[in-house]
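One file, work.json, carrying JSON, C-alpha atoms:
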[["chain", "number", "residue", "atom", "x", "y", "z"],
["A", 1, "MET", "CA", -18.87, 19.01, 5.24],
["A", 2, "THR", "CA", -20.47, 19.45, 8.63],
["A", 3, "TYR", "CA", -23.81, 18.96, 10.31],
["A", 4, "CYS", "CA", -24.67, 20.47, 13.68],
["A", 5, "VAL", "CA", -28.04, 20.94, 15.34],
["A", 6, "GLY", "CA", -29.16, 22.67, 18.50],
["A", 7, "ILE", "CA", -32.59, 21.90, 19.97],
["A", 8, "ALA", "CA", -34.35, 23.95, 22.64],
["A", 9, "VAL", "CA", -37.22, 22.51, 24.68],
["A", 10, "ASP", "CA", -38.81, 23.62, 27.92],
["A", 11, "ALA", "CA", -36.66, 21.12, 29.82],
["A", 12, "GLY", "CA", -33.35, 22.37, 28.43],
["A", 13, "LEU", "CA", -31.06, 22.20, 25.41],
["A", 14, "CYS", "CA", -29.61, 19.47, 23.20],
["A", 15, "PHE", "CA", -26.53, 19.95, 21.02],
["A", 16, "ILE", "CA", -25.32, 17.41, 18.43],
["A", 17, "ALA", "CA", -22.38, 17.70, 16.04],
["A", 18, "ASP", "CA", -20.46, 15.43, 13.73],
["A", 19, "SER", "CA", -16.65, 15.59, 13.62],
["A", 20, "ARG", "CA", -15.76, 14.93, 9.98],
["A", 21, "THR", "CA", -14.02, 17.64, 7.97],
["A", 22, "ASN", "CA", -12.77, 15.68, 4.96],
["A", 23, "ALA", "CA", -13.88, 12.35, 3.54],
["A", 24, "GLY", "CA", -11.86, 11.28, 0.53],
["A", 25, "VAL", "CA", -11.47, 7.65, -0.44],
["A", 26, "ASP", "CA", -8.39, 7.26, 1.73],
["A", 27, "ASP", "CA", -8.30, 10.56, 3.61],
["A", 28, "VAL", "CA", -10.73, 11.06, 6.49],
["A", 29, "ASN", "CA", -10.01, 13.88, 8.95],
["A", 30, "THR", "CA", -11.92, 14.65, 12.11],
["A", 31, "TYR", "CA", -12.05, 17.72, 14.34],
["A", 32, "SER", "CA", -14.43, 18.48, 17.17],
["A", 33, "LYS", "CA", -17.05, 21.08, 16.24],
["A", 34, "LEU", "CA", -18.56, 21.34, 19.73],
["A", 35, "TYR", "CA", -17.02, 23.54, 22.42],
["A", 36, "ARG", "CA", -18.10, 24.21, 26.01],
["A", 37, "PHE", "CA", -17.39, 27.30, 28.09],
["A", 38, "SER", "CA", -18.64, 27.29, 31.64],
["A", 39, "ILE", "CA", -18.54, 28.58, 35.17],
["A", 40, "GLU", "CA", -20.23, 25.94, 37.30],
["A", 41, "GLY", "CA", -23.31, 27.31, 39.00],
["A", 42, "GLU", "CA", -23.25, 30.52, 36.95],
["A", 43, "ARG", "CA", -23.23, 29.86, 33.21],
["A", 44, "GLN", "CA", -23.05, 27.08, 30.65],
["A", 45, "ILE", "CA", -22.31, 28.08, 27.04],
["A", 46, "ILE", "CA", -21.99, 25.65, 24.13],
["A", 47, "VAL", "CA", -20.74, 26.65, 20.68],
["A", 48, "LEU", "CA", -21.15, 24.58, 17.48],
["A", 49, "CYS", "CA", -19.15, 25.41, 14.34],
["A", 50, "ALA", "CA", -19.53, 24.89, 10.60],
["A", 51, "GLY", "CA", -17.79, 26.26, 7.53],
["A", 52, "ASN", "CA", -14.17, 27.10, 6.77],
["A", 53, "LEU", "CA", -12.00, 25.22, 9.26],
["A", 54, "ALA", "CA", -9.36, 27.96, 9.51],
["A", 55, "THR", "CA", -12.06, 30.50, 10.35],
["A", 56, "THR", "CA", -13.84, 28.36, 12.93],
["A", 57, "GLN", "CA", -10.58, 27.33, 14.61],
["A", 58, "GLY", "CA", -9.41, 30.94, 14.63],
["A", 59, "VAL", "CA", -12.65, 32.11, 16.24],
["A", 60, "ILE", "CA", -12.59, 29.38, 18.90],
["A", 61, "THR", "CA", -8.92, 30.10, 19.63],
["A", 62, "GLN", "CA", -9.71, 33.80, 20.11],
["A", 63, "ILE", "CA", -12.67, 32.98, 22.39],
["A", 64, "LYS", "CA", -10.39, 30.82, 24.55],
["A", 65, "ARG", "CA", -7.63, 33.45, 24.55],
["A", 66, "ASP", "CA", -10.02, 36.25, 25.56],
["A", 67, "ALA", "CA", -11.40, 34.12, 28.40],
["A", 68, "LYS", "CA", -7.94, 33.11, 29.63],
["A", 69, "MET", "CA", -6.70, 36.72, 29.56],
["A", 70, "ASN", "CA", -9.92, 37.95, 31.21],
["A", 71, "ALA", "CA", -10.47, 40.43, 28.41],
["A", 72, "ALA", "CA", -12.95, 43.25, 28.97],
["A", 73, "GLN", "CA", -15.35, 41.34, 26.72],
["A", 74, "ASN", "CA", -15.18, 37.56, 26.82],
["A", 75, "ILE", "CA", -17.53, 34.60, 26.78],
["A", 76, "LEU", "CA", -17.28, 34.19, 30.57],
["A", 77, "ASN", "CA", -18.21, 37.74, 31.52],
["A", 78, "ILE", "CA", -20.71, 38.92, 28.89],
["A", 79, "SER", "CA", -24.06, 39.31, 30.66],
["A", 80, "HIS", "CA", -26.50, 38.18, 27.97],
["A", 81, "LEU", "CA", -26.49, 35.23, 25.60],
["A", 82, "GLU", "CA", -27.56, 37.44, 22.70],
["A", 83, "ASP", "CA", -24.51, 39.65, 23.30],
["A", 84, "ILE", "CA", -22.33, 36.53, 23.18],
["A", 85, "ALA", "CA", -23.84, 35.78, 19.76],
["A", 86, "ASP", "CA", -22.86, 39.32, 18.67],
["A", 87, "TYR", "CA", -19.35, 38.83, 20.08],
["A", 88, "ILE", "CA", -18.86, 35.57, 18.16],
["A", 89, "GLY", "CA", -20.22, 37.19, 15.01],
["A", 90, "GLU", "CA", -17.71, 40.03, 15.31],
["A", 91, "LEU", "CA", -14.82, 37.60, 15.79],
["A", 92, "SER", "CA", -15.94, 35.59, 12.76],
["A", 93, "VAL", "CA", -16.23, 38.61, 10.47],
["A", 94, "ALA", "CA", -12.81, 39.89, 11.58],
["A", 95, "ARG", "CA", -11.24, 36.50, 10.88],
["A", 96, "GLN", "CA", -12.87, 36.27, 7.45],
["A", 97, "GLU", "CA", -11.76, 39.76, 6.47],
["A", 98, "LYS", "CA", -8.22, 39.08, 7.62],
["A", 99, "HIS", "CA", -7.82, 36.23, 5.13],
["A", 100, "ALA", "CA", -10.09, 37.46, 2.32],
["A", 101, "SER", "CA", -8.44, 37.39, -1.10],
["A", 102, "GLY", "CA", -10.14, 37.65, -4.48],
["A", 103, "SER", "CA", -12.97, 35.20, -4.91],
["A", 104, "ASN", "CA", -11.82, 32.95, -2.07],
["A", 105, "THR", "CA", -14.33, 32.73, 0.76],
["A", 106, "PHE", "CA", -13.66, 31.79, 4.35],
["A", 107, "GLU", "CA", -17.22, 31.82, 5.63],
["A", 108, "ALA", "CA", -18.30, 30.14, 8.84],
["A", 109, "SER", "CA", -21.46, 29.86, 10.88],
["A", 110, "PHE", "CA", -22.09, 29.04, 14.51],
["A", 111, "ILE", "CA", -24.78, 27.93, 16.91],
["A", 112, "VAL", "CA", -24.38, 29.35, 20.40],
["A", 113, "GLY", "CA", -26.63, 28.33, 23.24],
["A", 114, "GLY", "CA", -26.83, 27.77, 26.94],
["A", 115, "GLN", "CA", -27.90, 29.68, 29.99],
["A", 116, "ILE", "CA", -26.55, 32.51, 32.13],
["A", 117, "LYS", "CA", -27.81, 32.79, 35.69],
["A", 118, "GLY", "CA", -30.81, 35.10, 35.93],
["A", 119, "HIS", "CA", -31.80, 34.48, 32.31],
["A", 120, "LYS", "CA", -33.71, 31.86, 30.34],
["A", 121, "HIS", "CA", -31.88, 29.19, 28.35],
["A", 122, "ASN", "CA", -31.77, 29.98, 24.63],
["A", 123, "LEU", "CA", -30.23, 29.24, 21.22],
["A", 124, "TYR", "CA", -28.84, 31.54, 18.50],
["A", 125, "ARG", "CA", -27.52, 30.93, 15.01],
["A", 126, "VAL", "CA", -24.69, 33.24, 13.95],
["A", 127, "TYR", "CA", -24.39, 33.74, 10.19],
["A", 128, "ALA", "CA", -21.22, 34.37, 8.19],
["A", 129, "ALA", "CA", -22.16, 38.06, 7.97],
["A", 130, "GLY", "CA", -22.01, 38.26, 11.77],
["A", 131, "ASN", "CA", -25.74, 38.73, 12.31],
["A", 132, "HIS", "CA", -27.87, 36.20, 14.16],
["A", 133, "ILE", "CA", -31.32, 34.75, 14.72],
["A", 134, "LYS", "CA", -32.78, 32.85, 17.65],
["A", 135, "ILE", "CA", -35.24, 30.01, 18.01],
["A", 136, "SER", "CA", -38.98, 30.56, 17.90],
["A", 137, "VAL", "CA", -41.98, 28.67, 19.27],
["A", 138, "SER", "CA", -42.71, 27.27, 15.80],
["A", 139, "THR", "CA", -39.06, 26.36, 15.13],
["A", 140, "PRO", "CA", -37.40, 25.33, 18.41],
["A", 141, "PHE", "CA", -34.20, 24.14, 16.72],
["A", 142, "LEU", "CA", -31.33, 25.56, 14.66],
["A", 143, "GLN", "CA", -29.06, 23.84, 12.13],
["A", 144, "ILE", "CA", -25.76, 24.69, 10.44],
["A", 145, "GLY", "CA", -23.86, 22.88, 7.72],
["A", 146, "GLU", "CA", -25.56, 20.13, 5.71],
["A", 147, "SER", "CA", -29.02, 20.77, 7.11],
["A", 148, "LYS", "CA", -31.54, 19.67, 4.48],
["A", 149, "TYR", "CA", -31.49, 15.90, 5.04],
["A", 150, "GLY", "CA", -32.01, 16.06, 8.80],
["A", 151, "LYS", "CA", -34.67, 18.78, 8.92],
["A", 152, "PRO", "CA", -37.88, 16.78, 8.19],
["A", 153, "ILE", "CA", -37.70, 14.65, 11.35],
["A", 154, "LEU", "CA", -37.09, 17.77, 13.47],
["A", 155, "ASP", "CA", -40.06, 19.55, 11.87],
["A", 156, "ARG", "CA", -42.35, 16.61, 12.61],
["A", 157, "ILE", "CA", -41.27, 15.72, 16.14],
["A", 158, "ILE", "CA", -39.79, 18.60, 18.11],
["A", 159, "VAL", "CA", -42.12, 20.84, 20.12],
["A", 160, "PRO", "CA", -41.31, 22.91, 23.24],
["A", 161, "GLU", "CA", -42.94, 20.24, 25.43],
["A", 162, "SER", "CA", -40.63, 17.47, 24.15],
["A", 163, "THR", "CA", -38.39, 15.86, 26.76],
["A", 164, "LEU", "CA", -34.62, 16.18, 26.56],
["A", 165, "ASP", "CA", -34.35, 12.47, 25.77],
["A", 166, "THR", "CA", -36.81, 12.92, 22.90],
["A", 167, "ALA", "CA", -34.76, 15.86, 21.64],
["A", 168, "ALA", "CA", -31.58, 13.78, 21.79],
["A", 169, "MET", "CA", -33.13, 10.81, 19.98],
["A", 170, "CYS", "CA", -34.66, 13.08, 17.33],
["A", 171, "GLY", "CA", -31.30, 14.81, 16.88],
["A", 172, "LEU", "CA", -29.49, 11.49, 16.48],
["A", 173, "VAL", "CA", -32.02, 10.32, 13.88],
["A", 174, "SER", "CA", -31.58, 13.67, 12.13],
["A", 175, "MET", "CA", -27.82, 13.09, 12.13],
["A", 176, "ASP", "CA", -28.25, 9.52, 10.86],
["A", 177, "SER", "CA", -30.44, 10.73, 7.98],
["A", 178, "THR", "CA", -27.74, 13.25, 7.06],
["A", 179, "MET", "CA", -24.94, 10.69, 7.21],
["A", 180, "LYS", "CA", -26.99, 8.35, 4.99],
["A", 181, "SER", "CA", -27.29, 11.01, 2.28],
["A", 182, "ASN", "CA", -23.91, 12.73, 2.59],
["A", 183, "LEU", "CA", -20.81, 10.68, 3.27],
["A", 184, "SER", "CA", -18.81, 13.79, 4.15],
["A", 185, "VAL", "CA", -20.76, 13.96, 7.43],
["A", 186, "GLY", "CA", -19.73, 11.30, 9.92],
["A", 187, "PRO", "CA", -18.59, 10.16, 13.36],
["A", 188, "PRO", "CA", -17.43, 10.74, 15.98],
["A", 189, "ILE", "CA", -20.79, 12.23, 16.96],
["A", 190, "GLU", "CA", -20.82, 14.50, 20.02],
["A", 191, "VAL", "CA", -23.92, 15.10, 22.12],
["A", 192, "VAL", "CA", -24.38, 17.52, 25.01],
["A", 193, "LEU", "CA", -27.61, 17.71, 27.00],
["A", 194, "TYR", "CA", -28.16, 20.70, 29.25],
["A", 195, "THR", "CA", -30.94, 20.63, 31.84],
["A", 196, "ARG", "CA", -32.59, 24.01, 32.37],
["A", 197, "ASP", "CA", -31.38, 25.90, 35.47],
["A", 198, "SER", "CA", -28.80, 23.22, 36.32],
["A", 199, "PHE", "CA", -25.76, 25.30, 35.24],
["A", 200, "SER", "CA", -23.92, 22.02, 34.82],
["A", 201, "SER", "CA", -22.71, 20.21, 31.69],
["A", 202, "GLU", "CA", -22.28, 16.69, 32.98],
["A", 203, "ARG", "CA", -24.17, 14.98, 30.13],
["A", 204, "HIS", "CA", -21.58, 14.90, 27.35],
["A", 205, "TYR", "CA", -21.42, 11.84, 25.09],
["A", 206, "VAL", "CA", -19.16, 10.87, 22.19],
["A", 207, "PHE", "CA", -20.20, 8.10, 19.78],
["A", 208, "GLU", "CA", -17.33, 6.72, 17.72],
["A", 209, "GLU", "CA", -17.70, 5.16, 14.28],
["A", 210, "SER", "CA", -17.54, 1.72, 15.94],
["A", 211, "SER", "CA", -20.46, 2.55, 18.25],
["A", 212, "ASP", "CA", -23.00, -0.28, 18.44],
["A", 213, "TYR", "CA", -25.58, 2.24, 19.64],
["A", 214, "LEU", "CA", -25.25, 4.40, 16.50],
["A", 215, "ARG", "CA", -25.63, 1.30, 14.34],
["A", 216, "ASN", "CA", -28.70, 0.18, 16.32],
["A", 217, "VAL", "CA", -30.32, 3.63, 15.95],
["A", 218, "SER", "CA", -29.69, 3.58, 12.19],
["A", 219, "ARG", "CA", -30.98, 0.03, 11.79],
["A", 220, "ALA", "CA", -34.11, 0.63, 13.90],
["A", 221, "TRP", "CA", -34.94, 3.84, 12.03],
["A", 222, "ASP", "CA", -34.56, 2.10, 8.65],
["A", 223, "GLU", "CA", -36.83, -0.74, 9.74],
["A", 224, "LYS", "CA", -39.52, 1.53, 11.18],
["A", 225, "LEU", "CA", -39.52, 3.76, 8.09],
["A", 226, "ARG", "CA", -40.01, 0.74, 5.82],
["A", 227, "ALA", "CA", -42.80, -0.59, 8.05],
["A", 228, "ALA", "CA", -44.52, 2.82, 8.10],
["A", 229, "PHE", "CA", -44.25, 3.11, 4.32],
["A", 230, "ALA", "CA", -45.67, -0.38, 3.83],
["A", 231, "GLY", "CA", -48.67, 0.61, 5.95],
["A", 232, "MET", "CA", -49.53, 3.75, 3.97],
["A", 233, "PRO", "CA", -52.98, 3.89, 2.28],
["A", 234, "PRO", "CA", -52.82, 2.71, -1.36],
["A", 235, "ILE", "CA", -52.72, 5.34, -4.08],
["A", 236, "ALA", "CA", -56.22, 6.44, -5.14],
["A", 237, "TRP", "CA", -56.07, 4.72, -8.53],
["A", 238, "SER", "CA", -54.71, 1.48, -7.10],
["A", 239, "GLY", "CA", -56.87, -1.64, -7.41],
["A", 240, "LYS", "CA", -56.62, -1.99, -3.65],
["A", 241, "TRP", "CA", -58.23, 1.39, -3.00],
["A", 242, "ASN", "CA", -61.62, 1.37, -1.34],
["A", 243, "GLU", "CA", -64.02, 1.54, -4.30],
["A", 244, "ALA", "CA", -66.81, 2.78, -2.05],
["A", 245, "ASP", "CA", -64.74, 5.85, -1.19],
["A", 246, "LEU", "CA", -64.12, 6.55, -4.87],
["A", 247, "GLY", "CA", -67.80, 6.16, -5.65],
["A", 248, "ASN", "CA", -68.75, 8.73, -3.04],
["A", 249, "ARG", "CA", -66.78, 11.51, -4.69]]

Spell out the structure here as structure tokens.
Amino acid sequence: MTYCVGIAVDAGLCFIADSRTNAGVDDVNTYSKLYRFSIEGERQIIVLCAGNLATTQGVITQIKRDAKMNAAQNILNISHLEDIADYIGELSVARQEKHASGSNTFEASFIVGGQIKGHKHNLYRVYAAGNHIKISVSTPFLQIGESKYGKPILDRIIVPESTLDTAAMCGLVSMDSTMKSNLSVGPPIEVVLYTRDSFSSERHYVFEESSDYLRNVSRAWDEKLRAAFAGMPPIAWSGKWNEADLGNR
């Protein structure tokens, strides 16, 4: 299983991905699900992958091959980020159709984001069918893979005015919540922070399973959640409830 999240704020973009693809009792495999394609000073494109590993690897390999061969259409010469989302969708559908057989599915999904000079930074989610959506003001983040466990914290915290550091912390807590509930999602955890209009991808971090920082984030979040829960108002029928409030109903 996989969990990847892309967050867009006014200050820039945050990308976070786990690296686990299989998590049996004695068989844990890891592959990077975060890829960067860039021309310094001109464009920074980040792609996150989830789904069938053969499909995602095939798509990424084709993207790299097209760029290396300077194909007429490739990730380093397409003018608009939305067109790059279309390009990745077409590659994904072609790869899926190539290996389709009976009821077997080879579906994959992608998050593509970044900035091309002359355009605003943005994020798109590419579905298995090849179509895509982009972020909105009310939902300035996109998820692929095992998304349900990490969504609540993003819904509560992320707004366009959030700082990049807030986006990164929120994304890491979202990842921690997912890892707590699904053991098939796990380290190494990759993080890329892109500052708007910088056209540079210098802030790339990898947190291994042995990372003290990841453990500290998980421990702090657990403790603060318990403290917040302990401070919640008592249930209305509890003996501790304010009887005056009940009497005023």

Got a sec: who's within 12 Å of Met169 (chain A), counting all atoms listed in the file, leaving out chain neighbours fewer than 5 positions off, as a list of chain:residue names?
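Contacts, with the query itself left out: A:Ile7, A:Cys14, A:Phe15, A:Ile16, A:Ile153, A:Leu154, A:Ile157, A:Ile158, A:Ser162, A:Thr163, A:Leu164, A:Ser174, A:Met175, A:Asp176, A:Val191, A:Leu193, A:Tyr213, A:Leu214, A:Val217, A:Ser218, A:Ala220, A:Trp221.
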
In Å to one decimal, how far is CA of Glu223 (chain A) from CA of Met1 (chain A)?
27.1 Å

One decimal, in Å: what's the spacing between CA of Phe207 (chain A) and CA of Pro188 (chain A)?
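Between CA of Phe207 (chain A) and CA of Pro188 (chain A) the gap works out to 5.4 Å.
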
If you take all atoms listed in the file and a cut-off of 10 Å, which residues of region 124-211 of chain A touch region 76-84 of chain A, and what are their nearest atom pairs and distances in Å to one decimal, in chain and number order, as a tab-separated table?
residue	atom	partner	partner_atom	distance
A:Tyr124	CA	A:Glu82	CA	7.4
A:His132	CA	A:Glu82	CA	8.6
A:Ile133	CA	A:Glu82	CA	9.2
A:Lys134	CA	A:Glu82	CA	8.6

Can you tell me which residues surround Ser136 (chain A) at a distance of at most 10 Å, considering only C-alpha atoms, apart from same-chain residues fewer than 4 positions away, and format the answer as a PyMOL selection string?
chain A and resi 8+122-123+140-142+160

Test item: residues at most 12 Å from Ala54 (chain A), all atoms listed in the file, excluding those fewer than 4 positions along its chain, as a ChimeraX atom specification:
/A:21,31,49-50,58-61,92,95-96,98-100,105-108

Point-to-point distance in Å for CA of Gly150 (chain A) and CA of Thr178 (chain A)
5.4 Å

Please work out which residues fall within 8 Å of (-15.5, 39.2, 19.5), coordinates as given in the file, with only C-alpha atoms counting, and return them as a PyMOL selection string.
chain A and resi 62-63+73-74+86-92

May I ask which of the residues A:Lys68, A:Arg20, A:His121, A:Arg156 is the closest one to Thr195 (chain A), counting all atoms listed in the file?
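Checking each candidate against Thr195 (chain A), we get A:His121 as the closest.
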
Non-local contacts of Tyr127 (chain A) (7 Å; only C-alpha atoms; under 3 positions in same chain excluded) as a compact mmCIF listing (two decimals) with C-alpha atoms, in the coordinates of the input:
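Result written to around04.txt:
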# COMPACT_ATOMS: atom_id res chain seq x y z
CA SER A 109 -21.46 29.86 10.88
CA PHE A 110 -22.09 29.04 14.51
CA GLY A 130 -22.01 38.26 11.77
CA ASN A 131 -25.74 38.73 12.31
CA HIS A 132 -27.87 36.20 14.16

Shell around Glu190 (chain A) at 10 Å using all atoms listed in the file, local window under 6 positions removed, as a list in words:
Cys4, Phe15, Ile16, Ala17, Asp18, Ser19, Ser32, Lys33, Leu34, Leu172, His204, Tyr205, Val206, Phe207 and Glu208 of chain A

Check the smallest atom-to-atom distance from each of A:Met179, A:Ile144, A:Val5, A:Ile189 to Ala128 (chain A) using all atoms listed in the file, then report the winner.
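Distance minimum relative to Ala128 (chain A) lands on A:Ile144.
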